[in-house]
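See below for the structure under consideration.
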Amino acid sequence: MLPVWMCLLSGLLAGLLPGIGTEPQIPDPLVPTPGSNCTTATLKVEFSTKVVEHEYIVSFTGYFSAKARSLYISSALRNAGGELEWHIVPRENPASDFPSDFELVHIRKASPSSLLTLEDHPCIKRVTPQRKVFRSLKYTPCETEKWQSWQSSRSFRRTSLSLGSGFWHATGRHSSRRLLRAIPRHVAQILQADVLWQMGHTGSGVKVAVFDTGLSEKHPHFKNVKERTNWTNEKTLDDGLGHGTFVAGVIASMRECQGFAPDAELHIFKVFTNNQVSYTSWFLDAFNYAILKKIDVLNLSIGGPDFMDHPFVDKVWELTANRVIMVSAIGNDGPLYGTLNNPADQMDVIGVGGIDFEDNIARFSSRGMTTWELPGGYGRVKPDIVTYGSGVRGSGMKEGCRSLSGTSVASPVVAGAVALLASTVQNRELVNPASMKQALIASARRLPGVNMFEQGHGKLDLIRAYQILNSYRPQASLSPSYIDLTECPYMWPYCSQPIYYGGMPTIVNVTFLNGMGVTGRIVDKPIWQPYLPQNGDHIDVALSYSPVLWPWVGYMAVSISVAKKAASWEGIAQGHVMVTVASPAENDVGGELTSTIKLPIKVKIVPTPPRSKRVLWDQYHNLRYPPGYFPRDNLRMKNDPLDWNGDHIHTNFRDMYQHLRSMGYFVEVLGAPITCFDASQYGTLLMVDSEEEYFPEEITKLRRDIDNGLSLIIFSDWYNTSVMRRVKFYDENTRQWWMPDTGGANVPALNDLISVWGMAFSDGLYEGDFTLADHDMYYASGCSIARFPEDGIVIAKNLKDQGLEVLQQETAVVEAVPILGLYQTPSEGGGRIALYGDSNCIDDSHRQKDCFWLLDALLQYTSYSMTPPSLSHSHSRVAPPTGVERPLPQRLEGNHLYRYSKVLEAHLGDPKPRPLPACPHLSWAKPQPLNETAPRYYSQTELNTFSGQPCH
């Protein structure tokens, strides 16, 4: 077996091109809309995937010649033993003549042990099955405005972002008569690209890659197609579906529906056949070839929820590290929050959201925050910018123009603008993924009344971006560039609640953009400088950050708390954080470039609210896809099987959060174990849709806390091992069946938590409409209460047995299903507990009828000991169940929750709790006070009201 350094050496001798290769999971193909005479058209797309029998992708640790790759595979399979029949599958494409970081191998009768032997070779990174993707298209009649959203039967894959709903936010703009303005014909002219054209800038010298369905050779709209490459097994380079032509036209059409950069070098990558089929290996070769051809701008209109698809993420990093400016659509999963798609949610990628021609955020455009950082606390700002994505005109498949909607329509708008901007810069060395993003976000026009998780930094402004880019000096910057927790609605959710002494630290995640170089570092430590005249000494600031910035980006988490001296104080406090970034000077000059940045901070402080008004949301015990299979809480949503929105008060529980704030409650987020908060500060702990297990120490502490006055509300969901086995699916990547790691909630773990009070949920699975306290309710795949104290209040309803329907396709109604329980614990001064078996009525994801009124009633009970008469005297009240009728649900045997859990670890085949981790300890920055008045920092909204350039 060769050591890694021997692999590298022999690779160099065999003709290695240096680099680090990774093997991304194939993105699902783009969604085209077939050519027609319609001005707009809608398309429903369904797709499926399957493994190509006997074919495997072998990924290497670097780029090696074909001879070296063959040598390593031969060596590894020689050690596998047995009579293996194998050969390397020829790949006849433009990348064949270059070193590569993967090989496609046909192995008959491959065993798991032989594949493991391949992976044991020090030069081989991983082995995955070759995958084939199929598309089927269903057309619907042309419509002028209404765009139907589509859902895939496998929506957890990366999918096309071409189409989406076109029902836009109501902004109140149509409540009065007004003069209607004429809309220019083409999106490039709307964004004033013609101003730059008249200056002689048309995209010349910029290489733009279009990864799509190809382009016909003699299409009349294009004059500078530098290269058309075919990565498929078809013999034609032509676009048989029209989507690739549309995207290319938005970027570089020279006539009719004009593109932004008609003289840009178009590099057309046909990676899908006319039958909508693609293979993993095609994408890998195409990405590598883009790096080799030194592509400047790459448009990628694909996306999916899997931000932990590490090979794909690594490959994107590799592309941007090679100065490829990647532009990607943010997703068509709006208006739900927490729906950002990868790779557009990566900080080194320009993530684009969509607006209509009235500057409203398109309903279909996905919203932030990023969910990489959950469940620990808060995500980051995305999209980066927004631009037109509804009813945009682009090139038809053979000639003429057509219209499409979706964030992948907005994506080539930005890609074309980026290509045009790059051509205006004389010193092209200044143009890189960071500097281009800096210019775009610094020049963006803030949209009024829209928060940062909807619009990012605002609407693309091509002319202002040109002005910034052409006076640019390499520097570092921050996104967002300031933290103002008083600026609403832009800084929502931070501006929606003041901070106070004793509250959980408010965490704002800020991104470094380093235009000085692909690598950088933070010099010394960031400095916190409070302004004394502006009460800056009333807040404490803790900073954690990435010591290395790569590629082009880094992070800084800013945690803000109120100092003890301000426990009863109300007012505004200000200060700033000072950070210095250094990067190695390029072009062998030696030395370093440095850039110092100020991050202004402004917060509103109020006296600490009473305990009864404070609600603590347990985020630590919520899990989401990826990495495990955590199913949806509502089993009716078969086309959207994975729970992937973060289960956060500012993502899919946003409406609930807004409601609680309107009722005067203060809601804080617990991103640590239950052992890490002072229960005497809070009236109610709110646990919703928990999938995680609990440390024994958490169970013990919670019991003690409730004895001492803390109250608990639990919204559960279904858990039934038979149903979990029924909703499994076959994963073609791993060639394994995926079994849910929990149900909608982890009911056995919840039962461990509440068993001391004689409470438990069942494994029943129920659904149905009913009326409670004069409110219409819908129970969506909820469980029932199996056991409850005899002196408690229990409400029951007649519901359909959904478990029976799933398992046996039979329908039956079960009478008096216990769904709601209220209980006062017996200890003197003890807290109260409320249980409800379904969380869908407070979850934005698939909510049909909200039950915010019920949450209000439960909080009145837990926080103020006020039992709602509508519940205590309800005709639906029944005797509490004793739990003797059926056994309580047990954990699914052989489940893999321990692989993704923060609580469990594998232990001789029987998962056990890990040692309880230490509670997060923030290292508060030592303040360096400034006895001077804070400078006036203008928000972008204010700057947009100025004419010309603002004075500094």
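Residue names in the structure tokens use chain letters A, B, ... in the order shown, residue numbers from 1 in each chain, and ligand numbers from 1 in the order shown.
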
Practice problem: Tell me, as JSON, numbers by chain, which residues lie within 10 Å of stretch 870-885 of chain A, counting only C-alpha atoms; anything in the same chain fewer than 6 positions away does not count. | Solution: {"A": [758, 759, 760, 761, 762, 771, 772, 773, 774, 785, 786, 787, 788, 789, 790, 791, 792, 793, 794, 795, 796, 797, 798, 816, 817, 818, 820, 821, 822, 854, 857, 858]}

Could you give me, as a PDB file with all heavy atoms, in the first residue's frame, the residues within 9 Å of A:Asn535, counting only C-alpha atoms and dropping anything in the same chain fewer than 6 positions from it?
```
ATOM      1  N   GLY A 571     -32.692  52.216  27.034  1.00  0.00           N
ATOM      2  CA  GLY A 571     -32.083  53.189  26.146  1.00  0.00           C
ATOM      3  C   GLY A 571     -31.340  52.522  25.005  1.00  0.00           C
ATOM      4  O   GLY A 571     -31.412  51.308  24.802  1.00  0.00           O
ATOM      5  N   ILE A 572     -30.603  53.338  24.260  1.00  0.00           N
ATOM      6  CA  ILE A 572     -29.826  52.878  23.104  1.00  0.00           C
ATOM      7  C   ILE A 572     -28.351  52.846  23.482  1.00  0.00           C
ATOM      8  O   ILE A 572     -27.840  53.782  24.103  1.00  0.00           O
ATOM      9  CB  ILE A 572     -30.030  53.810  21.895  1.00  0.00           C
ATOM     10  CG1 ILE A 572     -31.518  53.930  21.558  1.00  0.00           C
ATOM     11  CG2 ILE A 572     -29.235  53.313  20.690  1.00  0.00           C
ATOM     12  CD1 ILE A 572     -32.156  52.648  21.093  1.00  0.00           C
ATOM     13  N   ALA A 573     -27.670  51.759  23.105  1.00  0.00           N
ATOM     14  CA  ALA A 573     -26.229  51.626  23.368  1.00  0.00           C
ATOM     15  C   ALA A 573     -25.519  51.389  22.049  1.00  0.00           C
ATOM     16  O   ALA A 573     -26.016  50.670  21.173  1.00  0.00           O
ATOM     17  CB  ALA A 573     -25.963  50.482  24.338  1.00  0.00           C
ATOM     18  N   GLN A 574     -24.307  51.987  21.911  1.00  0.00           N
ATOM     19  CA  GLN A 574     -23.568  51.887  20.654  1.00  0.00           C
ATOM     20  C   GLN A 574     -22.083  51.669  20.889  1.00  0.00           C
ATOM     21  O   GLN A 574     -21.528  52.038  21.928  1.00  0.00           O
ATOM     22  CB  GLN A 574     -23.756  53.170  19.827  1.00  0.00           C
ATOM     23  CG  GLN A 574     -25.141  53.365  19.265  1.00  0.00           C
ATOM     24  CD  GLN A 574     -25.240  54.618  18.433  1.00  0.00           C
ATOM     25  OE1 GLN A 574     -25.813  55.621  18.883  1.00  0.00           O
ATOM     26  NE2 GLN A 574     -24.688  54.580  17.227  1.00  0.00           N
ATOM     27  N   GLY A 575     -21.460  51.084  19.894  1.00  0.00           N
ATOM     28  CA  GLY A 575     -20.016  50.888  19.871  1.00  0.00           C
ATOM     29  C   GLY A 575     -19.640  50.314  18.526  1.00  0.00           C
ATOM     30  O   GLY A 575     -20.464  50.235  17.607  1.00  0.00           O
TER      31      GLY A 575
END
```

Tell me, counting only C-alpha atoms, for each residue of stretch 263-369 of chain A within 8 Å of stretch 237-258 of chain A, which pair of atoms is nearest and how far apart they are in Å to one decimal, in rows ordered by chain and increasing number, as a Markdown table.
```
| residue | atom | partner | partner_atom | distance |
| --- | --- | --- | --- | --- |
| A:Asp263 | CA | A:Ala252 | CA | 7.0 |
| A:Ala264 | CA | A:Ala252 | CA | 6.6 |
| A:Leu266 | CA | A:Ala252 | CA | 7.7 |
| A:Lys270 | CA | A:Leu237 | CA | 6.7 |
| A:Asn274 | CA | A:Gly240 | CA | 5.2 |
```

Exercise. If we count only C-alpha atoms, what is near A:Lys294 at a cut-off of 9 Å, once residues fewer than 2 positions away on the same chain are taken out, given as an MDAnalysis selection string?
Worked result: chainID A and resid 207 289:292 296 322:324

Would you output that residue set with N, CA and C atoms, as a PDB file, in the first residue's frame?
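Dumped everything to result.pdb:
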```
ATOM      1  N   LYS A 207     -14.959  35.080 -20.022  1.00  0.00           N
ATOM      2  CA  LYS A 207     -15.408  33.718 -20.333  1.00  0.00           C
ATOM      3  C   LYS A 207     -16.551  33.334 -19.402  1.00  0.00           C
ATOM      4  N   TYR A 289     -13.209  20.623 -16.262  1.00  0.00           N
ATOM      5  CA  TYR A 289     -12.852  21.273 -17.524  1.00  0.00           C
ATOM      6  C   TYR A 289     -13.030  22.787 -17.414  1.00  0.00           C
ATOM      7  N   ALA A 290     -14.054  23.221 -16.683  1.00  0.00           N
ATOM      8  CA  ALA A 290     -14.268  24.658 -16.483  1.00  0.00           C
ATOM      9  C   ALA A 290     -13.081  25.287 -15.767  1.00  0.00           C
ATOM     10  N   ILE A 291     -12.517  24.555 -14.818  1.00  0.00           N
ATOM     11  CA  ILE A 291     -11.328  25.063 -14.118  1.00  0.00           C
ATOM     12  C   ILE A 291     -10.145  25.139 -15.087  1.00  0.00           C
ATOM     13  N   LEU A 292      -9.989  24.098 -15.876  1.00  0.00           N
ATOM     14  CA  LEU A 292      -8.868  24.062 -16.821  1.00  0.00           C
ATOM     15  C   LEU A 292      -8.963  25.175 -17.868  1.00  0.00           C
ATOM     16  N   ASP A 296     -14.334  32.500 -16.214  1.00  0.00           N
ATOM     17  CA  ASP A 296     -14.456  33.645 -15.311  1.00  0.00           C
ATOM     18  C   ASP A 296     -15.753  33.646 -14.526  1.00  0.00           C
ATOM     19  N   ASN A 322     -10.245  28.921  -7.659  1.00  0.00           N
ATOM     20  CA  ASN A 322      -9.603  29.134  -8.958  1.00  0.00           C
ATOM     21  C   ASN A 322     -10.165  30.360  -9.676  1.00  0.00           C
ATOM     22  N   ARG A 323     -10.724  31.298  -8.895  1.00  0.00           N
ATOM     23  CA  ARG A 323     -11.185  32.601  -9.377  1.00  0.00           C
ATOM     24  C   ARG A 323     -12.430  32.531 -10.254  1.00  0.00           C
ATOM     25  N   VAL A 324     -13.123  31.406 -10.244  1.00  0.00           N
ATOM     26  CA  VAL A 324     -14.387  31.316 -10.977  1.00  0.00           C
ATOM     27  C   VAL A 324     -15.467  32.004 -10.143  1.00  0.00           C
TER      28      VAL A 324
END
```

(Q) As an exercise, work out the distance from atom CA of A:Ile522 to atom CA of A:Leu549 in Å and give it to one decimal place. (A)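 Those two atoms sit 8.0 Å apart.
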
Hey, what's within 6 Å of stretch 601-609 of chain A if we count only C-alpha atoms and toss same-chain stuff fewer than 4 positions away? As a tab-separated table (two decimals) with all heavy atoms, in the first residue's frame, please?
```tsv
chain	number	residue	atom	x	y	z
A	483	ILE	N	-24.42	46.29	12.43
A	483	ILE	CA	-25.45	45.61	13.20
A	483	ILE	C	-26.27	46.69	13.92
A	483	ILE	O	-25.77	47.35	14.82
A	483	ILE	CB	-24.84	44.64	14.23
A	483	ILE	CG1	-24.06	43.53	13.53
A	483	ILE	CG2	-25.92	44.05	15.14
A	483	ILE	CD1	-23.27	42.64	14.49
A	484	ASP	N	-27.50	46.89	13.47
A	484	ASP	CA	-28.38	47.87	14.09
A	484	ASP	C	-29.67	47.16	14.49
A	484	ASP	O	-30.56	46.94	13.66
A	484	ASP	CB	-28.67	49.01	13.12
A	484	ASP	CG	-29.49	50.13	13.76
A	484	ASP	OD1	-30.01	49.91	14.88
A	484	ASP	OD2	-29.63	51.20	13.14
A	485	LEU	N	-29.75	46.78	15.76
A	485	LEU	CA	-30.90	46.02	16.22
A	485	LEU	C	-32.11	46.91	16.48
A	485	LEU	O	-33.12	46.44	17.02
A	485	LEU	CB	-30.54	45.24	17.50
A	485	LEU	CG	-29.31	44.34	17.39
A	485	LEU	CD1	-29.22	43.40	18.59
A	485	LEU	CD2	-29.31	43.52	16.11
A	498	PRO	N	-36.19	43.82	21.86
A	498	PRO	CA	-35.05	44.46	22.51
A	498	PRO	C	-34.28	43.45	23.35
A	498	PRO	O	-34.77	42.34	23.63
A	498	PRO	CB	-35.70	45.54	23.38
A	498	PRO	CG	-37.08	45.01	23.66
A	498	PRO	CD	-37.48	44.25	22.42
A	499	ILE	N	-33.07	43.82	23.74
A	499	ILE	CA	-32.28	42.93	24.59
A	499	ILE	C	-32.33	43.43	26.02
A	499	ILE	O	-32.66	44.59	26.28
A	499	ILE	CB	-30.83	42.79	24.07
A	499	ILE	CG1	-30.09	44.13	24.14
A	499	ILE	CG2	-30.82	42.25	22.66
A	499	ILE	CD1	-28.61	44.01	23.77
A	500	TYR	N	-31.99	42.55	26.96
A	500	TYR	CA	-32.10	42.89	28.38
A	500	TYR	C	-31.15	42.00	29.17
A	500	TYR	O	-30.69	40.95	28.70
A	500	TYR	CB	-33.54	42.69	28.87
A	500	TYR	CG	-34.22	41.46	28.35
A	500	TYR	CD1	-34.04	40.21	28.95
A	500	TYR	CD2	-35.04	41.53	27.21
A	500	TYR	CE1	-34.66	39.07	28.46
A	500	TYR	CE2	-35.65	40.40	26.70
A	500	TYR	CZ	-35.47	39.17	27.33
A	500	TYR	OH	-36.07	38.05	26.83
A	501	TYR	N	-30.87	42.44	30.37
A	501	TYR	CA	-29.92	41.73	31.23
A	501	TYR	C	-30.49	40.35	31.59
A	501	TYR	O	-31.65	40.20	31.94
A	501	TYR	CB	-29.65	42.51	32.51
A	501	TYR	CG	-28.76	41.77	33.47
A	501	TYR	CD1	-27.42	41.55	33.18
A	501	TYR	CD2	-29.27	41.26	34.67
A	501	TYR	CE1	-26.60	40.85	34.04
A	501	TYR	CE2	-28.45	40.57	35.56
A	501	TYR	CZ	-27.11	40.37	35.23
A	501	TYR	OH	-26.30	39.67	36.09
A	567	ALA	N	-29.40	46.40	34.22
A	567	ALA	CA	-30.52	45.49	34.46
A	567	ALA	C	-31.86	46.22	34.51
A	567	ALA	O	-32.89	45.66	34.13
A	567	ALA	CB	-30.29	44.70	35.75
A	568	SER	N	-31.86	47.46	34.98
A	568	SER	CA	-33.11	48.22	35.09
A	568	SER	C	-33.13	49.43	34.17
A	568	SER	O	-33.97	50.32	34.33
A	568	SER	CB	-33.31	48.67	36.54
A	568	SER	OG	-33.35	47.57	37.41
A	569	TRP	N	-32.21	49.47	33.21
A	569	TRP	CA	-32.03	50.65	32.36
A	569	TRP	C	-32.73	50.46	31.03
A	569	TRP	O	-32.86	49.35	30.52
A	569	TRP	CB	-30.53	50.88	32.16
A	569	TRP	CG	-30.19	52.10	31.36
A	569	TRP	CD1	-30.19	53.39	31.79
A	569	TRP	CD2	-29.77	52.14	29.98
A	569	TRP	NE1	-29.79	54.23	30.77
A	569	TRP	CE2	-29.53	53.49	29.66
A	569	TRP	CE3	-29.58	51.17	29.00
A	569	TRP	CZ2	-29.10	53.89	28.40
A	569	TRP	CZ3	-29.17	51.56	27.74
A	569	TRP	CH2	-28.93	52.91	27.44
A	570	GLU	N	-33.16	51.55	30.44
A	570	GLU	CA	-33.75	51.50	29.10
A	570	GLU	C	-33.12	52.58	28.25
A	570	GLU	O	-32.98	53.73	28.68
A	570	GLU	CB	-35.25	51.69	29.15
A	570	GLU	CG	-35.90	51.62	27.76
A	570	GLU	CD	-37.41	51.59	27.80
A	570	GLU	OE1	-37.97	51.54	28.92
A	570	GLU	OE2	-38.04	51.60	26.73
A	571	GLY	N	-32.69	52.22	27.03
A	571	GLY	CA	-32.08	53.19	26.15
A	571	GLY	C	-31.34	52.52	25.01
A	571	GLY	O	-31.41	51.31	24.80
A	572	ILE	N	-30.60	53.34	24.26
A	572	ILE	CA	-29.83	52.88	23.10
A	572	ILE	C	-28.35	52.85	23.48
A	572	ILE	O	-27.84	53.78	24.10
A	572	ILE	CB	-30.03	53.81	21.90
A	572	ILE	CG1	-31.52	53.93	21.56
A	572	ILE	CG2	-29.24	53.31	20.69
A	572	ILE	CD1	-32.16	52.65	21.09
A	573	ALA	N	-27.67	51.76	23.10
A	573	ALA	CA	-26.23	51.63	23.37
A	573	ALA	C	-25.52	51.39	22.05
A	573	ALA	O	-26.02	50.67	21.17
A	573	ALA	CB	-25.96	50.48	24.34
A	574	GLN	N	-24.31	51.99	21.91
A	574	GLN	CA	-23.57	51.89	20.65
A	574	GLN	C	-22.08	51.67	20.89
A	574	GLN	O	-21.53	52.04	21.93
A	574	GLN	CB	-23.76	53.17	19.83
A	574	GLN	CG	-25.14	53.37	19.26
A	574	GLN	CD	-25.24	54.62	18.43
A	574	GLN	OE1	-25.81	55.62	18.88
A	574	GLN	NE2	-24.69	54.58	17.23
A	575	GLY	N	-21.46	51.08	19.89
A	575	GLY	CA	-20.02	50.89	19.87
A	575	GLY	C	-19.64	50.31	18.53
A	575	GLY	O	-20.46	50.23	17.61
A	576	HIS	N	-18.37	49.92	18.39
A	576	HIS	CA	-17.99	49.24	17.16
A	576	HIS	C	-16.90	48.22	17.43
A	576	HIS	O	-16.17	48.30	18.42
A	576	HIS	CB	-17.57	50.22	16.06
A	576	HIS	CG	-16.28	50.94	16.33
A	576	HIS	ND1	-16.18	52.31	16.40
A	576	HIS	CD2	-15.01	50.49	16.56
A	576	HIS	CE1	-14.92	52.65	16.65
A	576	HIS	NE2	-14.20	51.56	16.75
```

Can you pull out the residues contacting A:Val615? Cut-off 12 Å, using only C-alpha atoms, and skip same-chain residues under 6 positions away; I want them as a tab-separated table (two decimals) with C-alpha atoms, in the first residue's frame.
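And here's around-v9.tsv as it stands now:
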```
chain	number	residue	atom	x	y	z
A	503	GLY	CA	-31.29	37.10	28.37
A	504	MET	CA	-29.66	34.59	26.06
A	609	PRO	CA	-39.01	41.53	31.73
A	649	ILE	CA	-38.51	30.50	15.56
A	657	TYR	CA	-42.83	33.93	16.87
A	660	LEU	CA	-45.98	35.67	20.57
A	661	ARG	CA	-44.21	39.02	20.24
A	663	MET	CA	-48.92	39.19	22.65
A	664	GLY	CA	-46.12	40.74	24.68
A	665	TYR	CA	-43.96	37.66	25.24
A	666	PHE	CA	-40.18	37.74	24.97
A	667	VAL	CA	-38.89	34.66	23.14
A	668	GLU	CA	-35.30	33.48	23.54
A	669	VAL	CA	-33.43	30.62	21.86
A	670	LEU	CA	-31.67	27.85	23.80
A	679	ALA	CA	-34.77	28.25	34.97
A	680	SER	CA	-35.65	30.89	37.57
A	681	GLN	CA	-35.52	33.49	34.75
A	682	TYR	CA	-38.22	31.90	32.56
A	683	GLY	CA	-41.92	31.24	32.88
A	684	THR	CA	-42.18	28.57	30.19
A	685	LEU	CA	-39.87	26.22	28.32
A	686	LEU	CA	-41.35	25.55	24.87
A	687	MET	CA	-40.37	22.25	23.22
A	710	LEU	CA	-40.66	26.45	35.61
A	711	SER	CA	-43.51	25.42	33.31
A	712	LEU	CA	-43.29	23.23	30.22
A	713	ILE	CA	-45.25	23.12	26.95
A	855	LEU	CA	-50.74	28.45	22.34
A	856	ASP	CA	-52.02	31.67	23.96
A	859	LEU	CA	-49.18	30.15	27.99
A	860	GLN	CA	-51.88	31.77	30.13
A	862	THR	CA	-48.25	27.87	32.30
A	863	SER	CA	-47.14	31.45	32.90
```

Residues of stretch 185-393 of chain A classed as strand (DSSP E) by DSSP on the backbone are to be reported as a PyMOL selection string. chain A and resi 207-212+225-230+265-270+278-279+297-300+302-303+325-329+350-355+385-388+392-393

* Asked: Distance atom CA of A:Ile539-atom CA of A:Cys495, one decimal place?
  ->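 Those two atoms sit 16.1 Å apart.
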
What separates atom CA of A:Ala193 and atom CA of A:Ser365 is a distance of 24.1 Å

All residues 10 Å or closer to A:Arg654, only C-alpha atoms, same chain fewer than 3 positions away omitted, as an MDAnalysis selection string = chainID A and resid 336:338 493 647:651 657:660 842:844

Selection file, N, CA and C atoms, as a PDB file, in the first residue's frame:
```
ATOM      1  N   LEU A 336     -41.761  30.467   2.378  1.00  0.00           N
ATOM      2  CA  LEU A 336     -41.320  29.888   3.646  1.00  0.00           C
ATOM      3  C   LEU A 336     -39.881  30.297   3.937  1.00  0.00           C
ATOM      4  N   TYR A 337     -39.604  30.614   5.195  1.00  0.00           N
ATOM      5  CA  TYR A 337     -38.255  30.977   5.621  1.00  0.00           C
ATOM      6  C   TYR A 337     -37.432  29.717   5.893  1.00  0.00           C
ATOM      7  N   GLY A 338     -36.101  29.875   5.867  1.00  0.00           N
ATOM      8  CA  GLY A 338     -35.213  28.744   6.096  1.00  0.00           C
ATOM      9  C   GLY A 338     -35.161  27.788   4.929  1.00  0.00           C
ATOM     10  N   PRO A 493     -34.878  39.309  12.174  1.00  0.00           N
ATOM     11  CA  PRO A 493     -35.688  39.315  13.398  1.00  0.00           C
ATOM     12  C   PRO A 493     -35.048  40.066  14.559  1.00  0.00           C
ATOM     13  N   ASP A 647     -36.558  24.168  11.900  1.00  0.00           N
ATOM     14  CA  ASP A 647     -37.393  24.183  13.110  1.00  0.00           C
ATOM     15  C   ASP A 647     -36.936  25.277  14.067  1.00  0.00           C
ATOM     16  N   HIS A 648     -36.856  26.479  13.570  1.00  0.00           N
ATOM     17  CA  HIS A 648     -36.367  27.629  14.331  1.00  0.00           C
ATOM     18  C   HIS A 648     -37.473  28.670  14.388  1.00  0.00           C
ATOM     19  N   ILE A 649     -37.463  29.492  15.442  1.00  0.00           N
ATOM     20  CA  ILE A 649     -38.509  30.504  15.563  1.00  0.00           C
ATOM     21  C   ILE A 649     -38.435  31.549  14.459  1.00  0.00           C
ATOM     22  N   HIS A 650     -37.312  31.599  13.731  1.00  0.00           N
ATOM     23  CA  HIS A 650     -37.191  32.588  12.663  1.00  0.00           C
ATOM     24  C   HIS A 650     -37.153  31.937  11.282  1.00  0.00           C
ATOM     25  N   THR A 651     -37.463  30.639  11.217  1.00  0.00           N
ATOM     26  CA  THR A 651     -37.607  29.997   9.900  1.00  0.00           C
ATOM     27  C   THR A 651     -39.051  29.499   9.777  1.00  0.00           C
ATOM     28  N   TYR A 657     -43.682  32.981  16.158  1.00  0.00           N
ATOM     29  CA  TYR A 657     -42.833  33.935  16.872  1.00  0.00           C
ATOM     30  C   TYR A 657     -43.433  35.340  16.813  1.00  0.00           C
ATOM     31  N   GLN A 658     -43.844  35.755  15.623  1.00  0.00           N
ATOM     32  CA  GLN A 658     -44.433  37.078  15.470  1.00  0.00           C
ATOM     33  C   GLN A 658     -45.691  37.216  16.333  1.00  0.00           C
ATOM     34  N   HIS A 659     -46.470  36.143  16.388  1.00  0.00           N
ATOM     35  CA  HIS A 659     -47.681  36.175  17.208  1.00  0.00           C
ATOM     36  C   HIS A 659     -47.336  36.328  18.688  1.00  0.00           C
ATOM     37  N   LEU A 660     -46.357  35.576  19.168  1.00  0.00           N
ATOM     38  CA  LEU A 660     -45.978  35.673  20.574  1.00  0.00           C
ATOM     39  C   LEU A 660     -45.450  37.065  20.910  1.00  0.00           C
ATOM     40  N   ILE A 842     -48.798  25.139  14.355  1.00  0.00           N
ATOM     41  CA  ILE A 842     -47.993  26.335  14.607  1.00  0.00           C
ATOM     42  C   ILE A 842     -46.768  26.389  13.699  1.00  0.00           C
ATOM     43  N   ASP A 843     -46.666  25.432  12.770  1.00  0.00           N
ATOM     44  CA  ASP A 843     -45.526  25.317  11.864  1.00  0.00           C
ATOM     45  C   ASP A 843     -45.918  25.883  10.501  1.00  0.00           C
ATOM     46  N   ASP A 844     -45.116  26.813   9.966  1.00  0.00           N
ATOM     47  CA  ASP A 844     -45.440  27.429   8.677  1.00  0.00           C
ATOM     48  C   ASP A 844     -45.326  26.458   7.505  1.00  0.00           C
TER      49      ASP A 844
END
```

As a ChimeraX atom specification, please: every residue in stretch 440-680 of chain A that DSSP puts in helix (DSSP H, G or I). /A:440-443,452-455,462-469,494-496,532-534,536-538,564-566,611-613,654-662,674-676,679-680

* To do: Kindly indicate which residue among A:Lys459, A:Arg380, A:Asp345, A:Asn746 lies nearest to A:Asp359, using only C-alpha atoms for the distances.
  =>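 Counting only C-alpha atoms, the residue closest to A:Asp359 is A:Lys459.
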
Residue with the minimum atom-to-atom distance to A:Trp492, picked from A:Glu905, A:Glu815, A:Asp850, A:Glu454 with only C-alpha atoms counted, is A:Glu454

Using only C-alpha atoms, the shortest atom-to-atom distance to A:Pro600 among A:Leu404, A:Ile302, A:Val327, A:Ala934 belongs to A:Ala934

Of the candidates A:Leu635, A:Leu84, A:Ile507, A:Ile73, which shows the shortest atom-to-atom distance to A:Leu118, using only C-alpha atoms?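 The shortest atom-to-atom distance to A:Leu118 comes from A:Ile73.
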
Between A:Leu215, A:Leu543, A:Val431, A:Leu702, smallest distance to A:Met397 by only C-alpha atoms belongs to A:Leu215
